[in-house]
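The structure file input.txt is reproduced below (compact mmCIF, C-alpha atoms).
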# COMPACT_ATOMS: atom_id res chain seq x y z
CA MET Y 676 7.59 -8.31 -10.07
CA SER Y 677 4.52 -10.15 -11.32
CA PHE Y 678 4.18 -12.67 -14.10
CA PRO Y 679 1.09 -13.85 -15.99
CA THR Y 680 -0.55 -17.18 -15.33
CA ALA Y 681 -0.09 -19.82 -18.02
CA GLU Y 682 -3.07 -21.53 -19.62
CA LEU Y 683 -1.75 -24.90 -20.71
CA ALA Y 684 -3.16 -28.33 -21.40
CA GLY Y 685 -1.09 -30.01 -18.69
CA SER Y 686 -1.12 -29.42 -14.96
CA TRP Y 687 1.67 -29.36 -12.39
CA PRO Y 688 1.52 -31.93 -9.61
CA SER Y 689 0.39 -30.57 -6.27
CA SER Y 690 3.82 -30.99 -4.69
CA LEU Y 691 5.75 -27.75 -5.18
CA THR Y 692 9.31 -29.02 -5.12
CA THR Y 693 9.63 -32.74 -5.75
CA ARG Y 694 7.72 -33.39 -8.99
CA VAL Y 695 8.26 -32.00 -12.50
CA PRO Y 696 5.78 -32.98 -15.24
CA TYR Y 697 7.42 -34.25 -18.41
CA TRP Y 698 5.33 -31.94 -20.58
CA VAL Y 699 7.56 -29.02 -19.53
CA TYR Y 700 10.16 -30.51 -21.90
CA THR Y 701 7.75 -31.10 -24.80
CA ASP Y 702 4.99 -28.46 -24.84
CA ALA Y 703 5.52 -26.10 -27.80
CA ASP Y 704 3.24 -23.37 -26.39
CA LEU Y 705 5.13 -23.41 -23.11
CA TYR Y 706 8.41 -23.11 -25.00
CA GLN Y 707 7.20 -19.95 -26.77
CA ARG Y 708 6.26 -18.48 -23.39
CA GLU Y 709 9.75 -19.30 -22.11
CA LEU Y 710 11.27 -17.28 -24.95
CA ASP Y 711 9.04 -14.33 -24.03
CA LEU Y 712 9.07 -14.47 -20.23
CA ILE Y 713 12.56 -15.81 -19.55
CA PHE Y 714 14.99 -15.03 -22.37
CA SER Y 715 13.26 -11.78 -23.38
CA GLY Y 716 12.09 -11.10 -19.82
CA PRO Y 717 13.87 -9.49 -16.85
CA SER Y 718 16.97 -11.71 -17.17
CA TRP Y 719 20.63 -10.98 -17.80
CA ASN Y 720 21.63 -13.22 -20.73
CA TYR Y 721 25.32 -13.99 -21.17
CA VAL Y 722 26.48 -12.96 -24.66
CA ALA Y 723 30.30 -12.76 -24.76
CA LEU Y 724 33.61 -12.20 -23.05
CA SER Y 725 34.96 -8.70 -23.65
CA ALA Y 726 38.27 -10.37 -24.56
CA GLU Y 727 36.54 -11.65 -27.71
CA ILE Y 728 36.11 -8.08 -28.95
CA PRO Y 729 39.22 -6.23 -27.72
CA GLU Y 730 39.53 -3.69 -30.57
CA PRO Y 731 37.12 -1.08 -31.99
CA GLY Y 732 35.08 -2.69 -34.74
CA ASP Y 733 35.43 -6.22 -33.34
CA PHE Y 734 32.23 -8.24 -33.18
CA VAL Y 735 30.88 -11.71 -32.40
CA ARG Y 736 27.53 -13.12 -33.50
CA THR Y 737 25.41 -14.98 -30.96
CA SER Y 738 21.82 -15.33 -29.69
CA VAL Y 739 19.65 -14.31 -26.75
CA GLY Y 740 17.15 -17.12 -26.62
CA GLU Y 741 16.36 -17.48 -30.34
CA LEU Y 742 16.92 -13.77 -31.00
CA PRO Y 743 20.01 -13.31 -33.23
CA VAL Y 744 22.31 -10.57 -31.93
CA ILE Y 745 25.74 -9.11 -32.59
CA VAL Y 746 28.05 -8.03 -29.78
CA THR Y 747 30.18 -5.13 -31.04
CA ARG Y 748 32.80 -2.71 -29.83
CA SER Y 749 32.24 0.73 -31.28
CA ARG Y 750 34.88 3.22 -32.38
CA ARG Y 751 34.63 4.79 -28.93
CA GLY Y 752 35.36 1.45 -27.28
CA GLU Y 753 31.81 0.93 -25.98
CA ILE Y 754 30.15 -2.48 -26.11
CA HIS Y 755 26.78 -2.75 -27.85
CA VAL Y 756 24.43 -5.70 -28.33
CA LEU Y 757 22.54 -5.19 -31.58
CA VAL Y 758 19.68 -7.28 -32.92
CA ASN Y 759 20.83 -8.90 -36.18
CA ARG Y 760 17.81 -7.61 -38.08
CA CYS Y 761 17.78 -4.79 -40.60
CA ALA Y 762 15.43 -1.96 -39.63
CA HIS Y 763 14.14 -1.87 -43.21
CA ARG Y 764 12.75 -5.32 -44.02
CA GLY Y 765 13.98 -7.47 -41.15
CA VAL Y 766 16.81 -9.25 -42.95
CA ALA Y 767 19.51 -10.90 -40.81
CA PHE Y 768 22.44 -8.99 -42.28
CA CYS Y 769 25.46 -10.46 -40.43
CA HIS Y 770 26.49 -14.06 -41.13
CA GLN Y 771 30.11 -14.13 -39.98
CA ALA Y 772 30.70 -15.75 -36.61
CA ALA Y 773 33.19 -13.02 -35.67
CA GLY Y 774 35.32 -10.34 -37.25
CA ASN Y 775 36.09 -6.66 -37.43
CA ALA Y 776 33.88 -4.20 -39.27
CA THR Y 777 33.41 -0.46 -38.96
CA THR Y 778 30.01 -0.81 -40.66
CA PHE Y 779 27.40 -3.48 -41.35
CA THR Y 780 25.51 -3.53 -44.64
CA CYS Y 781 22.30 -5.40 -45.31
CA PRO Y 782 22.67 -7.52 -48.48
CA TYR Y 783 19.06 -6.95 -49.55
CA HIS Y 784 18.84 -3.18 -50.05
CA GLN Y 785 22.28 -2.04 -48.86
CA TRP Y 786 21.15 -0.14 -45.76
CA SER Y 787 24.30 0.43 -43.73
CA TYR Y 788 24.83 0.73 -39.98
CA ALA Y 789 27.65 1.78 -37.68
CA SER Y 790 29.06 -0.64 -35.11
CA ASP Y 791 27.04 1.20 -32.47
CA GLY Y 792 23.78 0.52 -34.35
CA ARG Y 793 23.23 3.93 -35.97
CA LEU Y 794 21.69 3.95 -39.45
CA LEU Y 795 24.33 5.55 -41.68
CA GLY Y 796 23.04 5.34 -45.20
CA ILE Y 797 20.12 4.40 -47.47
CA PRO Y 798 20.62 3.96 -51.21
CA PHE Y 799 18.34 6.24 -53.25
CA LYS Y 800 17.13 7.98 -50.11
CA LYS Y 801 16.34 11.09 -52.17
CA GLY Y 802 15.12 9.08 -55.16
CA VAL Y 803 16.53 8.93 -58.69
CA GLY Y 804 15.96 11.62 -61.28
CA GLY Y 805 13.38 13.33 -59.13
CA HIS Y 806 11.36 10.16 -58.63
CA GLY Y 807 10.75 8.08 -55.51
CA GLY Y 808 12.89 8.16 -52.41
CA MET Y 809 12.06 8.28 -48.74
CA PRO Y 810 9.70 10.88 -47.27
CA ALA Y 811 11.32 14.28 -46.74
CA ASP Y 812 10.98 13.98 -42.99
CA PHE Y 813 12.56 10.52 -42.78
CA ASP Y 814 15.03 10.61 -39.87
CA ASN Y 815 17.92 8.14 -39.95
CA SER Y 816 18.43 8.50 -36.20
CA ALA Y 817 14.97 7.04 -35.57
CA HIS Y 818 15.66 3.88 -37.57
CA GLY Y 819 18.84 2.38 -36.16
CA LEU Y 820 19.22 -1.25 -35.13
CA GLU Y 821 17.34 -2.47 -32.07
CA GLN Y 822 19.68 -2.56 -29.09
CA LEU Y 823 19.59 -4.47 -25.83
CA ARG Y 824 20.63 -3.14 -22.44
CA VAL Y 825 24.19 -4.17 -21.66
CA THR Y 826 26.16 -4.76 -18.49
CA GLU Y 827 29.74 -5.92 -18.10
CA ARG Y 828 31.35 -7.32 -14.98
CA HIS Y 829 35.07 -8.08 -14.92
CA GLY Y 830 35.19 -8.90 -18.62
CA VAL Y 831 31.90 -10.82 -18.92
CA VAL Y 832 29.14 -9.22 -21.02
CA PHE Y 833 25.41 -9.70 -20.41
CA ALA Y 834 22.38 -8.28 -22.20
CA THR Y 835 18.66 -7.93 -21.51
CA ARG Y 836 15.59 -6.85 -23.48
CA SER Y 837 13.77 -5.76 -20.32
CA ALA Y 838 13.84 -2.40 -18.57
CA GLU Y 839 12.96 -4.20 -15.31
CA THR Y 840 16.09 -6.33 -15.03
CA PRO Y 841 17.86 -5.31 -11.79
CA PRO Y 842 21.56 -4.43 -11.54
CA PHE Y 843 23.73 -7.50 -12.10
CA GLU Y 844 25.10 -7.64 -8.56
CA GLU Y 845 21.57 -7.63 -7.14
CA TYR Y 846 20.44 -10.09 -9.83
CA LEU Y 847 23.10 -12.67 -8.95
CA GLY Y 848 22.88 -12.27 -5.17
CA THR Y 849 25.57 -12.10 -2.50
CA THR Y 850 26.66 -15.75 -2.51
CA ASN Y 851 26.72 -16.23 -6.25
CA ILE Y 852 28.42 -12.92 -6.99
CA GLY Y 853 31.21 -14.07 -4.69
CA TRP Y 854 31.72 -17.28 -6.66
CA PHE Y 855 31.47 -15.35 -9.93
CA ASP Y 856 34.17 -12.91 -8.82
CA ARG Y 857 36.37 -15.80 -7.72
CA VAL Y 858 36.96 -16.65 -11.39
CA PHE Y 859 36.37 -13.19 -12.84
CA ASP Y 860 38.48 -11.20 -10.43
CA GLY Y 861 39.35 -8.33 -12.74
CA ARG Y 862 42.37 -9.88 -14.42
CA PRO Y 863 42.29 -9.57 -18.25
CA LEU Y 864 41.08 -12.77 -19.86
CA ARG Y 865 42.54 -14.73 -22.78
CA VAL Y 866 40.26 -16.73 -25.08
CA LEU Y 867 41.70 -20.17 -25.83
CA GLY Y 868 39.15 -21.60 -28.25
CA TYR Y 869 35.59 -22.64 -29.00
CA GLN Y 870 33.47 -25.73 -29.39
CA ARG Y 871 29.85 -25.96 -30.53
CA GLN Y 872 27.32 -28.75 -30.37
CA THR Y 873 23.61 -29.33 -30.86
CA VAL Y 874 21.86 -31.53 -28.31
CA PRO Y 875 18.46 -33.05 -29.19
CA ALA Y 876 16.88 -32.20 -25.85
CA ASN Y 877 15.02 -29.39 -24.09
CA TRP Y 878 17.29 -26.59 -22.84
CA LYS Y 879 16.19 -27.01 -19.22
CA LEU Y 880 17.71 -30.49 -19.11
CA MET Y 881 21.16 -28.91 -19.48
CA PHE Y 882 20.58 -26.60 -16.54
CA GLU Y 883 19.24 -29.51 -14.49
CA ASN Y 884 22.32 -31.53 -15.36
CA ILE Y 885 24.73 -28.97 -13.92
CA LYS Y 886 22.52 -28.48 -10.84
CA ASP Y 887 22.53 -32.25 -10.22
CA PRO Y 888 25.53 -33.50 -8.21
CA TYR Y 889 23.74 -36.83 -7.66
CA HIS Y 890 24.45 -37.99 -11.22
CA ALA Y 891 28.06 -36.80 -11.40
CA SER Y 892 29.51 -39.65 -9.34
CA LEU Y 893 27.33 -42.23 -11.10
CA LEU Y 894 27.19 -41.34 -14.79
CA HIS Y 895 30.71 -39.90 -15.04
CA VAL Y 896 32.79 -42.91 -14.06
CA PHE Y 897 35.93 -41.11 -15.26
CA LEU Y 898 35.44 -38.52 -12.51
CA VAL Y 899 34.99 -41.17 -9.85
CA THR Y 900 37.87 -43.34 -11.04
CA PHE Y 901 40.36 -40.50 -10.85
CA GLY Y 902 38.90 -38.74 -7.80
CA LEU Y 903 37.86 -35.54 -9.58
CA PHE Y 904 34.22 -35.46 -8.44
CA ARG Y 905 32.84 -38.09 -6.06
CA ALA Y 906 29.94 -38.45 -3.68
CA ASP Y 907 32.28 -38.65 -0.67
CA ASN Y 908 34.33 -35.57 -1.56
CA PRO Y 909 33.99 -32.48 0.64
CA SER Y 910 31.31 -30.53 -1.22
CA LYS Y 911 28.37 -28.14 -1.03
CA THR Y 912 25.45 -26.77 -3.01
CA GLN Y 913 24.55 -23.10 -2.68
CA MET Y 914 21.75 -21.04 -4.23
CA ASP Y 915 20.63 -17.45 -4.33
CA PRO Y 916 17.38 -16.58 -2.49
CA THR Y 917 15.28 -16.94 -5.65
CA GLY Y 918 16.63 -20.38 -6.59
CA GLN Y 919 17.40 -19.30 -10.16
CA HIS Y 920 21.19 -19.36 -9.74
CA SER Y 921 23.26 -22.00 -7.98
CA VAL Y 922 26.77 -23.30 -7.53
CA LEU Y 923 28.13 -26.81 -6.96
CA VAL Y 924 31.49 -26.92 -5.18
CA SER Y 925 33.72 -29.94 -4.64
CA GLN Y 926 37.23 -30.72 -3.47
CA ARG Y 927 39.26 -33.40 -5.23
CA SER Y 928 40.06 -36.51 -3.24
CA GLU Y 929 43.45 -38.20 -3.40
CA GLN Y 930 41.87 -41.55 -2.52
CA ARG Y 931 41.05 -44.03 -5.25
CA ALA Y 932 38.64 -46.21 -3.28
CA VAL Y 933 35.25 -44.58 -2.94
CA VAL Y 934 32.88 -44.91 0.00
CA GLY Y 935 29.56 -46.40 -1.07
CA THR Y 936 30.58 -47.52 -4.57
CA ASP Y 937 29.36 -51.07 -4.24
CA ASP Y 938 26.36 -50.11 -6.40
CA ILE Y 939 28.48 -48.37 -9.06
CA ALA Y 940 29.32 -51.42 -11.11
CA ARG Y 941 31.53 -49.68 -13.68
CA VAL Y 942 34.09 -48.16 -11.29
CA GLN Y 943 37.56 -49.66 -11.85
CA HIS Y 944 40.09 -48.54 -9.28
CA ASP Y 945 43.12 -50.02 -11.07
CA LEU Y 946 42.90 -47.84 -14.20
CA GLU Y 947 45.85 -45.54 -14.93
CA LEU Y 948 46.25 -42.78 -17.49
CA ARG Y 949 48.86 -43.35 -20.17
CA ASP Y 950 49.63 -39.62 -19.96
CA PRO Y 951 49.09 -38.48 -16.35
CA ARG Y 952 49.63 -34.85 -17.40
CA LEU Y 953 45.94 -34.78 -18.28
CA LEU Y 954 45.28 -34.58 -14.55
CA ASP Y 955 48.03 -32.39 -13.14
CA PRO Y 956 46.01 -29.55 -11.60
CA VAL Y 957 47.67 -26.80 -9.63
CA ARG Y 958 45.87 -24.61 -7.12
CA GLU Y 959 45.20 -21.12 -8.45
CA PHE Y 960 42.11 -19.85 -6.57
CA PRO Y 961 41.53 -19.08 -2.90
CA GLY Y 962 40.10 -21.95 -0.89
CA SER Y 963 40.23 -25.71 -1.40
CA ALA Y 964 37.62 -26.17 -4.15
CA THR Y 965 38.87 -27.97 -7.27
CA VAL Y 966 35.51 -28.09 -9.07
CA VAL Y 967 33.05 -25.19 -9.17
CA MET Y 968 30.06 -25.30 -11.53
CA GLN Y 969 27.94 -22.15 -11.45
CA THR Y 970 24.62 -21.77 -13.26
CA VAL Y 971 23.44 -18.24 -14.02
CA TRP Y 972 19.80 -17.98 -15.11
CA PRO Y 973 18.84 -18.27 -17.89
CA ASN Y 974 21.68 -19.30 -20.22
CA LEU Y 975 25.12 -19.57 -18.63
CA ILE Y 976 27.24 -22.20 -16.94
CA VAL Y 977 30.60 -21.04 -15.58
CA GLN Y 978 32.88 -24.06 -15.36
CA GLN Y 979 36.03 -24.53 -13.32
CA GLN Y 980 37.18 -28.15 -13.42
CA SER Y 981 40.73 -28.31 -12.09
CA ASN Y 982 42.46 -25.67 -14.27
CA THR Y 983 40.17 -25.76 -17.28
CA LEU Y 984 37.87 -22.73 -17.41
CA ALA Y 985 34.94 -22.36 -19.76
CA MET Y 986 31.70 -20.55 -20.41
CA ARG Y 987 28.88 -22.79 -21.56
CA GLN Y 988 26.18 -20.73 -23.25
CA LEU Y 989 22.72 -22.25 -23.77
CA VAL Y 990 20.91 -21.33 -26.99
CA PRO Y 991 17.42 -22.87 -27.31
CA ARG Y 992 16.52 -24.02 -30.81
CA GLY Y 993 12.98 -25.28 -30.41
CA VAL Y 994 11.26 -27.24 -27.69
CA GLY Y 995 13.41 -30.35 -28.24
CA ASN Y 996 16.81 -28.94 -29.24
CA PHE Y 997 19.43 -26.57 -27.93
CA GLU Y 998 22.92 -25.49 -28.87
CA LEU Y 999 25.72 -25.49 -26.34
CA HIS Y 1000 28.47 -22.97 -27.07
CA TRP Y 1001 31.73 -23.59 -25.22
CA THR Y 1002 34.23 -20.74 -24.84
CA TYR Y 1003 37.46 -21.82 -23.17
CA PHE Y 1004 39.57 -19.13 -21.53
CA GLY Y 1005 42.44 -18.40 -19.23
CA TYR Y 1006 44.13 -15.24 -18.02
CA ALA Y 1007 46.28 -12.91 -20.06
CA ASP Y 1008 49.12 -13.29 -17.55
CA ASP Y 1009 49.14 -17.12 -17.64
CA ASP Y 1010 52.62 -18.49 -18.28
CA GLU Y 1011 53.15 -21.01 -21.07
CA ALA Y 1012 52.95 -23.98 -18.71
CA MET Y 1013 49.52 -22.92 -17.44
CA HIS Y 1014 48.34 -22.15 -20.96
CA THR Y 1015 49.29 -25.68 -22.05
CA ARG Y 1016 47.76 -27.19 -18.92
CA ARG Y 1017 44.41 -25.51 -19.56
CA LEU Y 1018 44.35 -26.73 -23.17
CA ARG Y 1019 45.26 -30.27 -22.16
CA GLN Y 1020 42.63 -30.44 -19.42
CA ALA Y 1021 40.01 -29.16 -21.87
CA ASN Y 1022 39.99 -32.70 -23.26
CA LEU Y 1023 37.77 -33.58 -20.29
CA MET Y 1024 35.05 -31.27 -21.60
CA GLY Y 1025 33.22 -30.41 -24.79
CA PRO Y 1026 31.14 -32.50 -27.22
CA ALA Y 1027 33.65 -35.36 -27.25
CA GLY Y 1028 35.22 -34.76 -23.83
CA LEU Y 1029 36.17 -37.66 -21.61
CA VAL Y 1030 33.46 -36.51 -19.19
CA SER Y 1031 30.98 -34.24 -20.99
CA ILE Y 1032 30.21 -36.67 -23.79
CA ASP Y 1033 28.16 -38.62 -21.22
CA ASP Y 1034 25.85 -35.67 -20.56
CA SER Y 1035 24.93 -35.07 -24.20
CA GLU Y 1036 23.88 -38.67 -24.68
CA VAL Y 1037 21.91 -38.98 -21.45
CA MET Y 1038 20.02 -35.73 -22.17
CA ARG Y 1039 19.02 -37.14 -25.55
CA LEU Y 1040 17.68 -40.22 -23.79
CA ALA Y 1041 15.87 -38.07 -21.22
CA GLN Y 1042 14.10 -36.18 -24.01
CA ILE Y 1043 13.01 -39.44 -25.62
CA GLY Y 1044 11.58 -40.59 -22.30
CA ALA Y 1045 9.77 -37.28 -21.72
CA GLU Y 1046 8.18 -37.35 -25.17
CA ALA Y 1047 6.93 -40.88 -24.55
CA GLY Y 1048 5.48 -40.07 -21.14
CA GLU Y 1049 4.08 -36.53 -21.16
CA ASP Y 1050 1.43 -37.49 -18.59
CA HIS Y 1051 4.05 -38.66 -16.08
CA ASP Y 1052 6.33 -36.78 -13.67
CA ALA Y 1053 10.02 -36.71 -12.83
CA LEU Y 1054 10.91 -37.35 -9.17
CA LEU Y 1055 13.15 -34.94 -7.25
CA ASP Y 1056 13.08 -36.59 -3.82
CA MET Y 1057 16.82 -37.04 -3.31
CA GLY Y 1058 17.86 -35.10 -0.22
CA GLY Y 1059 14.28 -34.38 0.86
CA ALA Y 1060 11.87 -31.67 -0.24
CA ASP Y 1061 13.54 -28.53 1.12
CA LEU Y 1062 15.22 -25.74 -0.83
CA ASP Y 1063 18.14 -25.10 1.52
CA ASP Y 1064 21.88 -25.08 0.80
CA THR Y 1065 23.60 -28.40 1.51
CA GLU Y 1066 27.02 -29.65 2.56
CA HIS Y 1067 26.91 -32.82 0.45
CA MET Y 1068 26.28 -34.06 -3.09
CA VAL Y 1069 23.53 -36.60 -2.55
CA THR Y 1070 20.76 -34.14 -3.26
CA GLU Y 1071 18.55 -32.65 -5.97
CA VAL Y 1072 17.90 -29.44 -4.06
CA ALA Y 1073 19.26 -27.08 -6.72
CA ILE Y 1074 16.90 -28.55 -9.32
CA ARG Y 1075 13.96 -28.17 -6.94
CA ALA Y 1076 14.91 -24.53 -6.33
CA PHE Y 1077 15.28 -23.94 -10.06
CA TYR Y 1078 11.76 -25.18 -10.74
CA ALA Y 1079 10.30 -23.24 -7.84
CA HIS Y 1080 11.59 -20.08 -9.52
CA TYR Y 1081 10.62 -21.32 -12.98
CA ARG Y 1082 7.02 -21.87 -11.89
CA HIS Y 1083 6.90 -18.34 -10.47
CA VAL Y 1084 8.25 -16.76 -13.67
CA MET Y 1085 6.05 -18.86 -15.95
CA GLY Y 1086 2.92 -18.40 -13.87
CA LEU Y 1087 2.47 -22.16 -13.42
Could you rewrite the structure in this file as structure tokens?
Amino acid sequence: MSFPTAELAGSWPSSLTTRVPYWVYTDADLYQRELDLIFSGPSWNYVALSAEIPEPGDFVRTSVGELPVIVTRSRRGEIHVLVNRCAHRGVAFCHQAAGNATTFTCPYHQWSYASDGRLLGIPFKKGVGGHGGMPADFDNSAHGLEQLRVTERHGVVFATRSAETPPFEEYLGTTNIGWFDRVFDGRPLRVLGYQRQTVPANWKLMFENIKDPYHASLLHVFLVTFGLFRADNPSKTQMDPTGQHSVLVSQRSEQRAVVGTDDIARVQHDLELRDPRLLDPVREFPGSATVVMQTVWPNLIVQQQSNTLAMRQLVPRGVGNFELHWTYFGYADDDEAMHTRRLRQANLMGPAGLVSIDDSEVMRLAQIGAEAGEDHDALLDMGGADLDDTEHMVTEVAIRAFYAHYRHVMGL
């Protein structure tokens, strides 16, 4: 698969893996190319959990890149991803976040569509009183809503605008499909709730953040203090062969003292939670991992932190802003104790979470720094310059691999 070469004002440093120019977070022309080549290119974009639309007529409104779409379940039970744009004059006709509707009607001229995208009706199609109307050969079937290709794996729905996107299993690769199926193992899912936030930063900074175990035991002092994610925990970083997808895996430590924390001034080992139930995880997956953060190019983070499970969907909103859509879930067969546990542990995450609030603020600061230094470069030297899987957290290898793939796709 070939990609065009970008003609941009900036240039990438000669080093392939260890330098990222700050203009990749600020260049408006580059951002438009990202929308075309990445989000509208040969990528599987996460759009919904099938549990969000369990019944015929159910729908949720979301985005693929900046393209507004609706994920629907038709009367036949099939899932469709429809562009939220009337085939007549381009009006975005759906404004509800979610609901149930057998038809969609554009408010402008009342063109109506079925939940599978078919054009059903046009007011005054044959004119009025022998005047006007559509041409005699106008064919409704040729003017339905634009649809994206859809794939579903174990209750997770993805869409693509490209005919070249490979099958999802091939797209994710052997290692990452294994981690994906660890959480999505075929059991019916149960949606627990949503959170939404806008972050004043470039969308790539969010992906970098999840691919960066180096920061987790430094910025997130809560994690270190209570042993949830620390530099000395048994851990590993794994990527697919392209570098576009990766997974960070860690095992919780029962120790409170942390090796090598002399330079982490804010760590306080004597802190205790007033309600220790916030951190009462139980093992529910095979293996010893207690934290698994998986990034799926180009817009999904699958989060398992203890027993809280969430999808984090990236929606770019311009070169210096993105939305982060959190969908918390469990399994339909969870008992009430596990249901309550997942909800309680969700307080760690989200826009005001005890941990995730740190990321939103630091990404805002990173964007400010990038805008003030477009002719400078970020350093990705931690752990060397290679792109190989690791068995530790003190590395930036997954970010290097991400940008190696990004440069290929963008023609940089």
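Shortest separation to Leu820 (chain Y) among Y:Leu757, Y:Leu989, Y:Cys769, Y:Leu705 occurs at residue Y:Leu757, atoms counted being only C-alpha atoms.
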| task | Considering only C-alpha atoms, state which residue in the set Y:Asn851, Y:Ser749, Y:Gln707, Y:Ser787 is at the smallest distance from Val924 (chain Y). | result |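 Of the candidates, the smallest distance to Val924 (chain Y) is held by Y:Asn851.
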- Message: Please list as a PyMOL selection string every residue within 6 Å of region 966-974 of chain Y, counting only C-alpha atoms and excluding residues in the same chain fewer than 6 positions away.
- Response: chain Y and resi 919-925+980+988-989
Among the residues Y:Thr693, Y:Thr701, Y:Gln1020, Y:Thr900, the one that comes closest to Leu954 (chain Y) [using all atoms listed in the file]
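Smallest separation from Leu954 (chain Y) among the options: Y:Gln1020.
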Query raised in the report: Any idea what's packed within 6 Å of region 1062-1065 of chain Y, counting only C-alpha atoms, ignoring anything in its chain fewer than 5 positions away? Could you give it as a count of residues only?
Result: 5
Could you please give me, as a ChimeraX atom specification, the residues of protein, DNA or RNA lying at most 10 Å from (24.9, -32.5, -8.7) in the coordinate frame of the file, considering all atoms listed in the file?
/Y:883-892,904,906,911-912,922-924,968,1067-1074
In Å to one decimal, how far is CA of Glu1049 (chain Y) from CA of Trp698 (chain Y)?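 So the two atoms, CA of Trp698 (chain Y) and CA of Glu1049 (chain Y), lie 4.8 Å apart.
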Rank Y:Pro717, Y:Pro841, Y:Gly995, Y:Pro688 by their smallest atom-to-atom distance to Ile1043 (chain Y), using all atoms listed in the file, and report the top residue only.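 Checking each of Y:Pro717, Y:Pro841, Y:Gly995, Y:Pro688 against Ile1043 (chain Y), counting all atoms listed in the file, the winner is Y:Gly995.
What separates CA of Leu999 (chain Y) from CA of Arg857 (chain Y) is a distance of 23.5 Å.
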### Query
Contacts of Gln785 (chain Y) at 10 Å or less, counting all atoms listed in the file, minus same-chain residues fewer than 2 places along, as number ranges by chain?
Y: 761, 763, 768, 779-783, 787-788, 796-798
Would you save the residues from that selection as a short mmCIF file (atom, residue, chain, number, x, y, z; two decimals), in the coordinates of the input, using C-alpha atoms?
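In the end it all went to again_8.cif:
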data_model
loop_
_atom_site.label_atom_id
_atom_site.label_comp_id
_atom_site.auth_asym_id
_atom_site.auth_seq_id
_atom_site.Cartn_x
_atom_site.Cartn_y
_atom_site.Cartn_z
CA CYS Y 761 17.78 -4.79 -40.60
CA HIS Y 763 14.14 -1.87 -43.21
CA PHE Y 768 22.44 -8.99 -42.28
CA PHE Y 779 27.40 -3.48 -41.35
CA THR Y 780 25.51 -3.53 -44.64
CA CYS Y 781 22.30 -5.40 -45.31
CA PRO Y 782 22.67 -7.52 -48.48
CA TYR Y 783 19.06 -6.95 -49.55
CA SER Y 787 24.30 0.43 -43.73
CA TYR Y 788 24.83 0.73 -39.98
CA GLY Y 796 23.04 5.34 -45.20
CA ILE Y 797 20.12 4.40 -47.47
CA PRO Y 798 20.62 3.96 -51.21
#
